[in-house]
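Written out below as structure tokens is the structure these notes cover.
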Amino acid sequence: MTGRRPAIRSGRPDDLARLGPVFEQAGFGGRLAKVVGFARARLDGEVVVAEAGGELVGVAAGAVFGGTGWVGGVAVVPAHRRIGLGGALTQAIVEFLEASGVATVLLHATALGRPVYERLGFVPETPYRTLSGPTMPREPREAPVRAGQAADLEAVLALDLAATGEDRRRLLTALWPTGGLVAVPGGRPLGYHLASPWRTGGATIAADPGTGLALLDAVRAAAGEEVAISVPTANAAAVDALEAAGFSEVYRTIRMYRGPRVPWDPAALFGAHNLFWG
């Protein structure tokens, strides 16, 4: 393409309603517009856009979880690629996050985006596989699973912190108990699932494989014919169980970080909330 480089600026409220077509042109679902809007409104985040001739041609967003922050929703329409716009949008969000006190910035990269992020100082860490497969009639395993309750929230927050190494209280408080499940072998929560309002799957975290697999069974009892679950490849129990149940890989990303490495336990993650904030 020719012409002036698109201008990068903070997104205005009216821009958020215009982001759906940007994500769709970039090959992502238009639902990402609601995800980045939630990050700005509820997670102390930011949305930056690239504008050319009055049209939005790129976007990136960030979410803040105390000492950690995530970059996500990075998209550039095809006509404005290969001029460094994705890297510039990402850099703008990194600068916002670090100015907000974030020590470690995290993101999920595709194979195409990985070189861009490495140039910005991100280090590859753990691959994730997004697997899609059939739903099933509810047949719980040994660990009983029930609907989440308001009284479960503190236990859920503790499980989440131990698994992720991040303070995601603001996120979980905003969405719990809507769509929440807890696994309570022995009468106390040892795992939870929180459905995403924007996609199937959702966050699934458990203290042991048996509890995690019971939660995955419950997730697969969702309505519809298929469910998609994003899981670290380091969680062999989850990957093996999903493949045995007929799941196949849809796409693959790699978790990357910039700053001190976060102490987390990928084997405790049986499903990511999404590939924006893990």
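Naming scheme: A, B, ... for chains in displayed order of the structure tokens; residues 1 onward per chain; ligands 1 onward as shown.
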Selection near segment 85-91 of chain A, 8 Å with only C-alpha atoms, sequence-local residues under 6 positions removed, as a VMD selection string: chain A and resid 8 48 to 50 58 to 60 71 74 to 76 116 to 117 120
Take the selection from the previous step and output its residues with N, CA, C and O atoms, as a compact mmCIF listing (two decimals), in the first residue's frame.
# COMPACT_ATOMS: atom_id res chain seq x y z
N ILE A 8 -1.89 6.23 15.23
CA ILE A 8 -2.26 5.39 16.36
C ILE A 8 -2.67 6.29 17.52
O ILE A 8 -1.95 7.24 17.86
N VAL A 48 -6.23 0.79 21.90
CA VAL A 48 -5.65 1.74 20.96
C VAL A 48 -6.05 1.33 19.55
O VAL A 48 -6.22 0.13 19.26
N VAL A 49 -6.22 2.31 18.69
CA VAL A 49 -6.65 2.04 17.32
C VAL A 49 -5.70 2.72 16.35
O VAL A 49 -5.02 3.69 16.69
N ALA A 50 -5.66 2.20 15.14
CA ALA A 50 -4.95 2.84 14.03
C ALA A 50 -6.01 3.35 13.07
O ALA A 50 -6.93 2.61 12.69
N GLY A 58 -6.75 -0.85 12.40
CA GLY A 58 -6.01 -1.70 13.32
C GLY A 58 -6.43 -1.43 14.75
O GLY A 58 -6.99 -0.37 15.05
N VAL A 59 -6.16 -2.38 15.62
CA VAL A 59 -6.56 -2.26 17.02
C VAL A 59 -5.67 -3.17 17.87
O VAL A 59 -5.16 -4.19 17.41
N ALA A 60 -5.47 -2.79 19.12
CA ALA A 60 -4.85 -3.64 20.14
C ALA A 60 -5.42 -3.22 21.48
O ALA A 60 -5.87 -2.08 21.65
N VAL A 71 -1.61 -8.25 26.72
CA VAL A 71 -1.89 -7.66 25.43
C VAL A 71 -2.76 -8.63 24.65
O VAL A 71 -2.48 -9.84 24.62
N VAL A 74 -4.96 -7.95 19.06
CA VAL A 74 -4.14 -7.21 18.09
C VAL A 74 -4.59 -7.62 16.68
O VAL A 74 -4.50 -8.80 16.32
N ALA A 75 -5.07 -6.66 15.91
CA ALA A 75 -5.60 -6.97 14.58
C ALA A 75 -5.31 -5.81 13.64
O ALA A 75 -5.46 -4.64 14.01
N VAL A 76 -4.93 -6.15 12.42
CA VAL A 76 -4.70 -5.17 11.37
C VAL A 76 -5.39 -5.67 10.11
O VAL A 76 -5.25 -6.84 9.74
N VAL A 116 7.29 -10.68 15.56
CA VAL A 116 7.00 -9.28 15.90
C VAL A 116 7.18 -9.07 17.40
O VAL A 116 7.82 -8.11 17.84
N TYR A 117 6.64 -9.98 18.21
CA TYR A 117 6.71 -9.83 19.65
C TYR A 117 8.12 -10.07 20.18
O TYR A 117 8.54 -9.43 21.15
N LEU A 120 10.04 -7.04 20.21
CA LEU A 120 9.64 -6.13 21.28
C LEU A 120 10.10 -6.62 22.65
O LEU A 120 9.73 -6.02 23.67
Selection: 12 Å around Pro134 of chain A, only C-alpha atoms, excl. self and same-chain fewer than 6 positions, as a ChimeraX atom specification: /A:216-217,219-229,242-248
Output N, CA and C atoms for every residue in that selection, as a PDB file, in the first residue's frame.
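Dumped everything to out_11.pdb:
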ATOM      1  N   LEU A 216     -13.926 -30.786  33.018  1.00  0.00           N
ATOM      2  CA  LEU A 216     -14.001 -30.832  31.554  1.00  0.00           C
ATOM      3  C   LEU A 216     -15.224 -31.618  31.097  1.00  0.00           C
ATOM      4  N   ASP A 217     -15.552 -32.678  31.800  1.00  0.00           N
ATOM      5  CA  ASP A 217     -16.780 -33.412  31.474  1.00  0.00           C
ATOM      6  C   ASP A 217     -17.997 -32.505  31.625  1.00  0.00           C
ATOM      7  N   VAL A 219     -18.026 -29.246  31.395  1.00  0.00           N
ATOM      8  CA  VAL A 219     -17.985 -28.262  30.309  1.00  0.00           C
ATOM      9  C   VAL A 219     -18.534 -28.865  29.027  1.00  0.00           C
ATOM     10  N   ARG A 220     -18.230 -30.119  28.788  1.00  0.00           N
ATOM     11  CA  ARG A 220     -18.704 -30.786  27.579  1.00  0.00           C
ATOM     12  C   ARG A 220     -20.188 -31.087  27.622  1.00  0.00           C
ATOM     13  N   ALA A 221     -20.832 -30.886  28.763  1.00  0.00           N
ATOM     14  CA  ALA A 221     -22.276 -31.068  28.859  1.00  0.00           C
ATOM     15  C   ALA A 221     -23.030 -29.823  28.408  1.00  0.00           C
ATOM     16  N   ALA A 222     -22.301 -28.836  27.837  1.00  0.00           N
ATOM     17  CA  ALA A 222     -22.938 -27.607  27.362  1.00  0.00           C
ATOM     18  C   ALA A 222     -23.853 -27.902  26.187  1.00  0.00           C
ATOM     19  N   ALA A 223     -24.757 -26.958  25.921  1.00  0.00           N
ATOM     20  CA  ALA A 223     -25.646 -27.090  24.775  1.00  0.00           C
ATOM     21  C   ALA A 223     -24.842 -26.978  23.480  1.00  0.00           C
ATOM     22  N   GLY A 224     -25.386 -27.558  22.406  1.00  0.00           N
ATOM     23  CA  GLY A 224     -24.733 -27.486  21.114  1.00  0.00           C
ATOM     24  C   GLY A 224     -24.020 -28.767  20.769  1.00  0.00           C
ATOM     25  N   GLU A 225     -23.382 -28.781  19.586  1.00  0.00           N
ATOM     26  CA  GLU A 225     -22.744 -29.988  19.098  1.00  0.00           C
ATOM     27  C   GLU A 225     -21.253 -30.035  19.387  1.00  0.00           C
ATOM     28  N   GLU A 226     -20.607 -28.865  19.529  1.00  0.00           N
ATOM     29  CA  GLU A 226     -19.177 -28.832  19.747  1.00  0.00           C
ATOM     30  C   GLU A 226     -18.815 -27.783  20.796  1.00  0.00           C
ATOM     31  N   VAL A 227     -17.661 -27.970  21.408  1.00  0.00           N
ATOM     32  CA  VAL A 227     -17.126 -27.011  22.355  1.00  0.00           C
ATOM     33  C   VAL A 227     -15.634 -26.855  22.064  1.00  0.00           C
ATOM     34  N   ALA A 228     -15.115 -25.632  22.223  1.00  0.00           N
ATOM     35  CA  ALA A 228     -13.695 -25.372  22.000  1.00  0.00           C
ATOM     36  C   ALA A 228     -13.023 -25.078  23.333  1.00  0.00           C
ATOM     37  N   ILE A 229     -11.855 -25.667  23.561  1.00  0.00           N
ATOM     38  CA  ILE A 229     -11.129 -25.528  24.816  1.00  0.00           C
ATOM     39  C   ILE A 229      -9.662 -25.245  24.495  1.00  0.00           C
ATOM     40  N   LEU A 242      -8.880 -34.954  26.112  1.00  0.00           N
ATOM     41  CA  LEU A 242      -9.665 -34.329  25.048  1.00  0.00           C
ATOM     42  C   LEU A 242      -9.462 -35.063  23.724  1.00  0.00           C
ATOM     43  N   GLU A 243      -8.225 -35.426  23.410  1.00  0.00           N
ATOM     44  CA  GLU A 243      -7.990 -36.156  22.164  1.00  0.00           C
ATOM     45  C   GLU A 243      -8.676 -37.524  22.193  1.00  0.00           C
ATOM     46  N   ALA A 244      -8.670 -38.185  23.343  1.00  0.00           N
ATOM     47  CA  ALA A 244      -9.346 -39.476  23.457  1.00  0.00           C
ATOM     48  C   ALA A 244     -10.849 -39.338  23.283  1.00  0.00           C
ATOM     49  N   ALA A 245     -11.373 -38.145  23.601  1.00  0.00           N
ATOM     50  CA  ALA A 245     -12.808 -37.887  23.465  1.00  0.00           C
ATOM     51  C   ALA A 245     -13.182 -37.404  22.068  1.00  0.00           C
ATOM     52  N   GLY A 246     -12.202 -37.386  21.155  1.00  0.00           N
ATOM     53  CA  GLY A 246     -12.513 -37.003  19.781  1.00  0.00           C
ATOM     54  C   GLY A 246     -12.244 -35.560  19.442  1.00  0.00           C
ATOM     55  N   PHE A 247     -11.540 -34.827  20.322  1.00  0.00           N
ATOM     56  CA  PHE A 247     -11.206 -33.438  20.035  1.00  0.00           C
ATOM     57  C   PHE A 247     -10.016 -33.383  19.077  1.00  0.00           C
ATOM     58  N   SER A 248      -9.990 -32.353  18.236  1.00  0.00           N
ATOM     59  CA  SER A 248      -8.869 -32.141  17.325  1.00  0.00           C
ATOM     60  C   SER A 248      -8.442 -30.680  17.372  1.00  0.00           C
TER      61      SER A 248
END
Check segment 60-100 of chain A with DSSP on the backbone and list each residue it calls strand (DSSP E or B), as a PDB file with C-alpha atoms, in the first residue's frame.
ATOM      1  CA  ALA A  60      -4.855  -3.644  20.137  1.00  0.00           C
ATOM      2  CA  ALA A  61      -5.976  -3.821  23.749  1.00  0.00           C
ATOM      3  CA  GLY A  62      -4.605  -4.405  27.229  1.00  0.00           C
ATOM      4  CA  ALA A  63      -5.881  -5.667  30.581  1.00  0.00           C
ATOM      5  CA  VAL A  64      -4.321  -5.087  34.009  1.00  0.00           C
ATOM      6  CA  PHE A  65      -4.130  -7.648  36.830  1.00  0.00           C
ATOM      7  CA  THR A  68       0.798  -8.491  35.456  1.00  0.00           C
ATOM      8  CA  GLY A  69      -0.910  -7.283  32.313  1.00  0.00           C
ATOM      9  CA  TRP A  70      -1.988  -8.806  29.022  1.00  0.00           C
ATOM     10  CA  VAL A  71      -1.894  -7.657  25.427  1.00  0.00           C
ATOM     11  CA  GLY A  72      -4.681  -9.022  23.236  1.00  0.00           C
ATOM     12  CA  GLY A  73      -6.992  -8.356  20.354  1.00  0.00           C
ATOM     13  CA  VAL A  74      -4.144  -7.210  18.091  1.00  0.00           C
ATOM     14  CA  ALA A  75      -5.599  -6.966  14.584  1.00  0.00           C
ATOM     15  CA  VAL A  76      -4.696  -5.165  11.366  1.00  0.00           C
TER      16      VAL A  76
END
Two-atom distance - atom CA of Leu16 of chain A, atom CA of Gly30 of chain A (Å):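 Computed distance, atom CA of Leu16 of chain A to atom CA of Gly30 of chain A, equals 11.2 Å.
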Residue with smallest distance to Leu213 of chain A - pool A:Gly271, A:Pro177, A:Gly165, A:Pro260, counting only C-alpha atoms: A:Gly271
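Between Pro144 of chain A and the candidates A:Arg255, A:Arg199, A:Arg9, A:Arg188, the tightest atom-to-atom separation, counting only C-alpha atoms, involves A:Arg188.
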Length of the atom CA of Gly29 of chain A to atom CA of Leu181 of chain A vector [Å]: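 Distance between the two atoms: 26.3 Å.
Excluding Ala195 of chain A itself and same-chain residues fewer than 5 positions from it, the residues having an atom within 10 Å of it are Leu175, Trp176, Pro177, Thr178, Gly179, Gly180, Leu181, Thr200, Gly201, Gly202, Ala203, Thr204, Val219, Ala272, His273 and Asn274 of chain A, counting only C-alpha atoms.
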Residue nearest Leu171 of chain A - candidates A:Pro6, A:Gly278, A:Gly27, A:Pro232, atoms counted: only C-alpha atoms: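 Residue with the minimum atom-to-atom distance to Leu171 of chain A: A:Gly278.
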Within 6 Å of Tyr128 of chain A using only C-alpha atoms, minus same-chain residues under 3 positions, as a PyMOL selection string: chain A and resi 231-233+252-254
